[in-house]
$ cat work-v4.csv   # CSV, N, CA and C atoms
chain,number,residue,atom,x,y,z
D,1,MET,N,53.1,20.9,-32.4
D,1,MET,CA,53.8,22.0,-31.6
D,1,MET,C,52.9,22.4,-30.4
D,2,LEU,N,53.5,23.0,-29.5
D,2,LEU,CA,52.8,23.5,-28.3
D,2,LEU,C,52.1,24.8,-28.6
D,3,ILE,N,51.0,25.0,-27.8
D,3,ILE,CA,50.3,26.2,-27.9
D,3,ILE,C,51.1,27.4,-27.5
D,4,ASN,N,52.1,27.2,-26.6
D,4,ASN,CA,52.9,28.3,-26.1
D,4,ASN,C,53.7,29.0,-27.2
D,5,ASN,N,54.1,28.2,-28.2
D,5,ASN,CA,54.8,28.8,-29.3
D,5,ASN,C,53.9,29.7,-30.1
D,6,PHE,N,52.7,29.3,-30.4
D,6,PHE,CA,51.8,30.2,-31.1
D,6,PHE,C,51.4,31.4,-30.4
D,7,LEU,N,51.2,31.3,-29.1
D,7,LEU,CA,50.8,32.4,-28.2
D,7,LEU,C,52.0,33.4,-28.1
D,8,LEU,N,53.2,32.9,-28.0
D,8,LEU,CA,54.4,33.8,-28.0
D,8,LEU,C,54.5,34.5,-29.3
D,9,LEU,N,54.4,33.8,-30.4
D,9,LEU,CA,54.4,34.5,-31.7
D,9,LEU,C,53.4,35.5,-31.8
D,10,GLY,N,52.1,35.2,-31.4
D,10,GLY,CA,51.0,36.2,-31.4
D,10,GLY,C,51.3,37.4,-30.6
D,11,ALA,N,51.9,37.2,-29.4
D,11,ALA,CA,52.3,38.3,-28.5
D,11,ALA,C,53.3,39.2,-29.1
D,12,VAL,N,54.3,38.6,-29.7
D,12,VAL,CA,55.4,39.3,-30.4
D,12,VAL,C,54.9,40.2,-31.5
D,13,LEU,N,54.0,39.5,-32.4
D,13,LEU,CA,53.4,40.3,-33.5
D,13,LEU,C,52.6,41.4,-33.0
D,14,PHE,N,51.8,41.2,-31.9
D,14,PHE,CA,51.0,42.2,-31.4
D,14,PHE,C,51.8,43.4,-30.9
D,15,CYS,N,52.9,43.1,-30.2
D,15,CYS,CA,53.8,44.2,-29.7
D,15,CYS,C,54.4,45.0,-30.8
D,16,ILE,N,54.8,44.3,-31.9
D,16,ILE,CA,55.4,45.0,-33.0
D,16,ILE,C,54.4,45.9,-33.7
D,17,GLY,N,53.1,45.4,-33.8
D,17,GLY,CA,52.1,46.2,-34.3
D,17,GLY,C,51.7,47.4,-33.5
D,18,VAL,N,51.7,47.3,-32.2
D,18,VAL,CA,51.4,48.4,-31.3
D,18,VAL,C,52.6,49.4,-31.4
D,19,TYR,N,53.8,48.9,-31.4
D,19,TYR,CA,54.9,49.8,-31.6
D,19,TYR,C,54.8,50.6,-32.9
D,20,GLY,N,54.4,49.9,-34.0
D,20,GLY,CA,54.3,50.6,-35.3
D,20,GLY,C,53.2,51.6,-35.3
D,21,VAL,N,52.1,51.4,-34.6
D,21,VAL,CA,51.0,52.4,-34.5
D,21,VAL,C,51.5,53.6,-33.8
D,22,ILE,N,52.2,53.4,-32.7
D,22,ILE,CA,52.6,54.5,-31.8
D,22,ILE,C,53.7,55.3,-32.5
D,23,THR,N,54.7,54.7,-33.2
D,23,THR,CA,55.9,55.5,-33.6
D,23,THR,C,55.8,55.9,-35.0
D,24,ARG,N,55.0,55.3,-35.9
D,24,ARG,CA,55.0,55.7,-37.3
D,24,ARG,C,54.4,57.0,-37.6
D,25,LYS,N,54.9,57.8,-38.5
D,25,LYS,CA,54.3,59.0,-39.0
D,25,LYS,C,53.6,58.9,-40.3
D,26,ASN,N,53.8,57.8,-41.0
D,26,ASN,CA,53.2,57.6,-42.3
D,26,ASN,C,51.9,56.8,-42.1
D,27,ALA,N,50.8,57.3,-42.7
D,27,ALA,CA,49.5,56.7,-42.5
D,27,ALA,C,49.4,55.3,-43.1
D,28,VAL,N,50.1,55.0,-44.1
D,28,VAL,CA,50.0,53.7,-44.7
D,28,VAL,C,50.7,52.7,-43.8
D,29,MET,N,51.8,53.1,-43.2
D,29,MET,CA,52.5,52.2,-42.2
D,29,MET,C,51.7,52.0,-41.0
D,30,VAL,N,50.9,53.0,-40.6
D,30,VAL,CA,50.0,52.8,-39.4
D,30,VAL,C,48.9,51.8,-39.8
D,31,LEU,N,48.4,51.8,-41.0
D,31,LEU,CA,47.4,50.9,-41.4
D,31,LEU,C,48.0,49.5,-41.5
D,32,MET,N,49.2,49.3,-41.9
D,32,MET,CA,49.9,48.0,-41.9
D,32,MET,C,50.1,47.5,-40.5
D,33,SER,N,50.4,48.4,-39.6
D,33,SER,CA,50.6,48.0,-38.2
D,33,SER,C,49.3,47.5,-37.6
D,34,ILE,N,48.2,48.1,-37.9
D,34,ILE,CA,46.9,47.7,-37.5
D,34,ILE,C,46.6,46.3,-38.0
D,35,GLU,N,46.9,46.1,-39.3
D,35,GLU,CA,46.7,44.7,-39.9
D,35,GLU,C,47.6,43.7,-39.2
D,36,LEU,N,48.7,44.0,-38.7
D,36,LEU,CA,49.6,43.1,-38.0
D,36,LEU,C,49.0,42.8,-36.7
D,37,ILE,N,48.4,43.8,-36.0
D,37,ILE,CA,47.7,43.5,-34.7
D,37,ILE,C,46.5,42.6,-34.9
D,38,LEU,N,45.7,42.8,-36.0
D,38,LEU,CA,44.6,41.9,-36.2
D,38,LEU,C,45.0,40.5,-36.6
D,39,ASN,N,46.1,40.4,-37.3
D,39,ASN,CA,46.6,39.0,-37.6
D,39,ASN,C,47.1,38.3,-36.4
D,40,SER,N,47.7,39.0,-35.5
D,40,SER,CA,48.2,38.4,-34.3
D,40,SER,C,47.0,37.9,-33.4
D,41,VAL,N,45.9,38.7,-33.4
D,41,VAL,CA,44.7,38.2,-32.7
D,41,VAL,C,44.2,37.0,-33.4
D,42,ASN,N,44.2,36.9,-34.7
D,42,ASN,CA,43.7,35.7,-35.4
D,42,ASN,C,44.6,34.5,-35.1
D,43,LEU,N,45.8,34.7,-35.0
D,43,LEU,CA,46.7,33.6,-34.6
D,43,LEU,C,46.4,33.0,-33.2
D,44,ASN,N,46.1,33.9,-32.3
D,44,ASN,CA,45.8,33.5,-30.9
D,44,ASN,C,44.4,32.8,-30.9
D,45,LEU,N,43.5,33.3,-31.7
D,45,LEU,CA,42.1,32.7,-31.7
D,45,LEU,C,42.2,31.3,-32.3
D,46,LEU,N,43.0,31.1,-33.3
D,46,LEU,CA,43.2,29.8,-34.0
D,46,LEU,C,43.9,28.8,-33.1
D,47,ALA,N,44.9,29.3,-32.3
D,47,ALA,CA,45.6,28.5,-31.4
D,47,ALA,C,44.7,28.0,-30.3
D,48,PHE,N,43.9,28.9,-29.7
D,48,PHE,CA,43.0,28.4,-28.7
D,48,PHE,C,41.9,27.5,-29.2
D,49,SER,N,41.4,27.8,-30.4
D,49,SER,CA,40.4,26.9,-31.1
D,49,SER,C,41.0,25.5,-31.3
D,50,GLN,N,42.2,25.4,-31.7
D,50,GLN,CA,42.9,24.1,-31.8
D,50,GLN,C,43.0,23.4,-30.5
D,51,LEU,N,43.4,24.2,-29.5
D,51,LEU,CA,43.6,23.6,-28.1
D,51,LEU,C,42.3,23.0,-27.6
D,52,HIS,N,41.2,23.7,-27.7
D,52,HIS,CA,39.9,23.3,-27.2
D,52,HIS,C,39.1,22.4,-28.1
D,53,GLY,N,39.5,22.3,-29.4
D,53,GLY,CA,38.9,21.4,-30.3
D,53,GLY,C,37.5,21.8,-30.8
D,54,ASN,N,37.3,23.2,-30.8
D,54,ASN,CA,36.0,23.7,-31.3
D,54,ASN,C,36.3,24.6,-32.5
D,55,VAL,N,35.2,25.0,-33.2
D,55,VAL,CA,35.4,25.9,-34.3
D,55,VAL,C,35.0,27.3,-34.1
D,56,ASP,N,34.8,27.7,-32.8
D,56,ASP,CA,34.4,29.1,-32.5
D,56,ASP,C,35.5,30.1,-32.9
D,57,GLY,N,36.8,29.7,-32.6
D,57,GLY,CA,37.9,30.5,-32.9
D,57,GLY,C,38.1,30.7,-34.4
D,58,ASN,N,37.8,29.6,-35.1
D,58,ASN,CA,37.9,29.7,-36.6
D,58,ASN,C,36.8,30.7,-37.1
D,59,THR,N,35.6,30.7,-36.6
D,59,THR,CA,34.6,31.6,-37.0
D,59,THR,C,34.9,33.0,-36.7
D,60,PHE,N,35.4,33.3,-35.5
D,60,PHE,CA,35.8,34.6,-35.2
D,60,PHE,C,37.0,35.1,-36.0
D,61,ALA,N,37.9,34.2,-36.4
D,61,ALA,CA,39.0,34.6,-37.2
D,61,ALA,C,38.5,35.0,-38.6
D,62,LEU,N,37.5,34.3,-39.1
D,62,LEU,CA,37.0,34.7,-40.4
D,62,LEU,C,36.3,36.1,-40.3
D,63,TYR,N,35.6,36.4,-39.3
D,63,TYR,CA,35.0,37.7,-39.1
D,63,TYR,C,36.1,38.8,-39.0
D,64,ILE,N,37.2,38.5,-38.3
D,64,ILE,CA,38.2,39.5,-38.2
D,64,ILE,C,38.9,39.7,-39.5
D,65,ILE,N,39.0,38.7,-40.3
D,65,ILE,CA,39.6,38.8,-41.7
D,65,ILE,C,38.7,39.7,-42.5
D,66,ALA,N,37.4,39.6,-42.4
D,66,ALA,CA,36.4,40.4,-43.2
D,66,ALA,C,36.5,41.9,-42.7
D,67,VAL,N,36.6,42.1,-41.4
D,67,VAL,CA,36.7,43.4,-40.9
D,67,VAL,C,38.0,44.0,-41.3
D,68,ALA,N,39.1,43.3,-41.3
D,68,ALA,CA,40.4,43.8,-41.8
D,68,ALA,C,40.4,44.2,-43.2
D,69,ALA,N,39.7,43.4,-44.1
D,69,ALA,CA,39.6,43.8,-45.5
D,69,ALA,C,38.8,45.1,-45.6
D,70,ALA,N,37.7,45.2,-44.9
D,70,ALA,CA,36.9,46.5,-44.9
D,70,ALA,C,37.8,47.7,-44.4
D,71,GLU,N,38.6,47.4,-43.4
D,71,GLU,CA,39.4,48.5,-42.9
D,71,GLU,C,40.4,48.9,-43.9
D,72,VAL,N,41.0,48.0,-44.6
D,72,VAL,CA,42.0,48.3,-45.6
D,72,VAL,C,41.3,49.2,-46.7
D,73,GLY,N,40.1,48.8,-47.2
D,73,GLY,CA,39.5,49.5,-48.2
D,73,GLY,C,39.1,51.0,-47.8
D,74,VAL,N,38.5,51.1,-46.6
D,74,VAL,CA,38.2,52.4,-46.1
D,74,VAL,C,39.4,53.3,-45.8
D,75,GLY,N,40.4,52.6,-45.1
D,75,GLY,CA,41.6,53.4,-44.7
D,75,GLY,C,42.4,53.9,-45.9
D,76,LEU,N,42.6,53.0,-46.9
D,76,LEU,CA,43.4,53.5,-48.1
D,76,LEU,C,42.6,54.5,-48.9
D,77,SER,N,41.3,54.4,-48.9
D,77,SER,CA,40.6,55.5,-49.6
D,77,SER,C,40.7,56.8,-48.9
D,78,MET,N,40.7,56.8,-47.6
D,78,MET,CA,40.9,58.0,-46.8
D,78,MET,C,42.3,58.6,-47.0
D,79,VAL,N,43.3,57.7,-47.0
D,79,VAL,CA,44.6,58.1,-47.3
D,79,VAL,C,44.8,58.8,-48.7
D,80,LEU,N,44.1,58.2,-49.7
D,80,LEU,CA,44.2,58.7,-51.0
D,80,LEU,C,43.5,60.1,-51.1
D,81,LEU,N,42.4,60.3,-50.4
D,81,LEU,CA,41.8,61.6,-50.4
D,81,LEU,C,42.6,62.6,-49.7
D,82,ILE,N,43.2,62.2,-48.6
D,82,ILE,CA,44.1,63.2,-47.8
D,82,ILE,C,45.3,63.5,-48.7
D,83,TYR,N,45.8,62.6,-49.4
D,83,TYR,CA,47.0,62.8,-50.3
D,83,TYR,C,46.6,63.8,-51.4
D,84,ARG,N,45.4,63.6,-52.0
D,84,ARG,CA,45.0,64.6,-53.0
D,84,ARG,C,44.9,66.0,-52.5
D,85,ASN,N,44.4,66.2,-51.3
D,85,ASN,CA,44.2,67.5,-50.8
D,85,ASN,C,45.5,68.1,-50.2
D,86,ARG,N,46.3,67.3,-49.5
D,86,ARG,CA,47.4,67.8,-48.8
D,86,ARG,C,48.8,67.6,-49.4
D,87,LYS,N,48.8,66.6,-50.4
D,87,LYS,CA,50.1,66.2,-51.1
D,87,LYS,C,51.1,65.6,-50.1
D,88,SER,N,50.5,65.1,-49.0
D,88,SER,CA,51.4,64.4,-48.0
D,88,SER,C,50.4,63.5,-47.2
D,89,ILE,N,51.0,62.4,-46.7
D,89,ILE,CA,50.2,61.5,-45.8
D,89,ILE,C,50.9,61.4,-44.4
D,90,ALA,N,51.7,62.4,-44.1
D,90,ALA,CA,52.3,62.4,-42.7
D,90,ALA,C,51.2,62.7,-41.7
D,91,LEU,N,51.1,61.9,-40.7
D,91,LEU,CA,50.1,62.1,-39.7
D,91,LEU,C,50.3,63.3,-38.8
D,92,ASP,N,51.5,63.8,-38.7
D,92,ASP,CA,51.8,65.0,-37.9
D,92,ASP,C,51.1,66.2,-38.6
D,93,GLU,N,51.0,66.3,-39.9
D,93,GLU,CA,50.4,67.4,-40.5
D,93,GLU,C,48.8,67.3,-40.5
D,94,LEU,N,48.3,66.2,-40.2
D,94,LEU,CA,46.8,66.1,-40.1
D,94,LEU,C,46.2,66.6,-38.8
D,95,SER,N,47.0,66.9,-37.8
D,95,SER,CA,46.5,67.4,-36.6
D,95,SER,C,46.0,68.8,-36.7
D,96,GLU,N,46.3,69.5,-37.8
D,96,GLU,CA,45.8,70.8,-37.9
D,96,GLU,C,44.8,70.9,-39.1
D,97,MET,N,44.0,69.9,-39.2
D,97,MET,CA,42.9,69.9,-40.3
D,97,MET,C,41.8,70.8,-39.9
D,98,LYS,N,41.4,71.7,-40.7
D,98,LYS,CA,40.3,72.6,-40.5
D,98,LYS,C,39.6,72.8,-41.8
D,99,GLY,N,38.2,72.7,-41.7
D,99,GLY,CA,37.3,72.9,-42.9
D,99,GLY,C,37.8,72.7,-44.2

$ encode --input "work-v4.csv" --output "structure tokens"
Amino acid sequence: MLINNFLLLGAVLFCIGVYGVITRKNAVMVLMSIELILNSVNLNLLAFSQLHGNVDGNTFALYIIAVAAAEVGVGLSMVLLIYRNRKSIALDELSEMKG
């Protein structure tokens, strides 16, 4: 397949992820949109790595996967703590957090 197909798919996934981060009010959905953004970057890195015939893109993709796993762990633990205190995970209600 051509690299254009992979880059187009990565761009579409990135745009969907950015749209999800901007429009969603649920914290879990925002975290899922961030994961979609990171996966679209991985797709682009792997496509360029295949095009140029080196393993640098594969290495960076593995690092991004590790960072995404850490982000999920920290993000979901924060969402659980907020839910325990507020009984809601709506991001609009978090703008008034005080002490």

$ residues_around --input "work-v4.csv" --residues "Ser40 in chain D" --least-positions-apart "4" --cutoff "6.5 Å" --atoms "all atoms listed in the file" --output "ChimeraX atom specification"
/D:9-11,13-14,35-36,44-45

$ atom_distance --input "work-v4.csv" --atom1 "atom N of Ser88 in chain D" --atom2 "atom C of Lys25 in chain D"
11.1 Å

$ atom_distance --input "work-v4.csv" --atom1 "CA of Gly75 in chain D" --atom2 "CA of Asn26 in chain D"
12.6 Å

$ select_by_dssp --input "work-v4.csv" --residues "chain D" --states "alpha helix (DSSP H)" --output "ChimeraX atom specification"
/D:3-23,27-52,56-86

$ residues_around --input "work-v4.csv" --residues "Ser33 in chain D" --least-positions-apart "5" --cutoff "7 Å" --atoms "all atoms listed in the file" --output "ChimeraX atom specification"
/D:16-18,20-21,28,38

$ closest_residue --input "work-v4.csv" --among "D:Ala61, D:Ile37, D:Ile3, D:Ala27" --to "Asp92 in chain D" --atoms "only N, CA and C atoms"
D:Ala27

$ residues_around --input "work-v4.csv" --residues "Leu62 in chain D" --least-positions-apart "6" --cutoff "8 Å" --atoms "all atoms listed in the file" --output "PyMOL selection string"
chain D and resi 42+56+68

$ closest_residue --input "work-v4.csv" --among "D:Ile89, D:Leu7, D:Val41, D:Leu46" --to "Thr59 in chain D" --atoms "only C-alpha atoms"
D:Leu46

$ atom_distance --input "work-v4.csv" --atom1 "CA of Leu80 in chain D" --atom2 "CA of Val67 in chain D"
19.8 Å
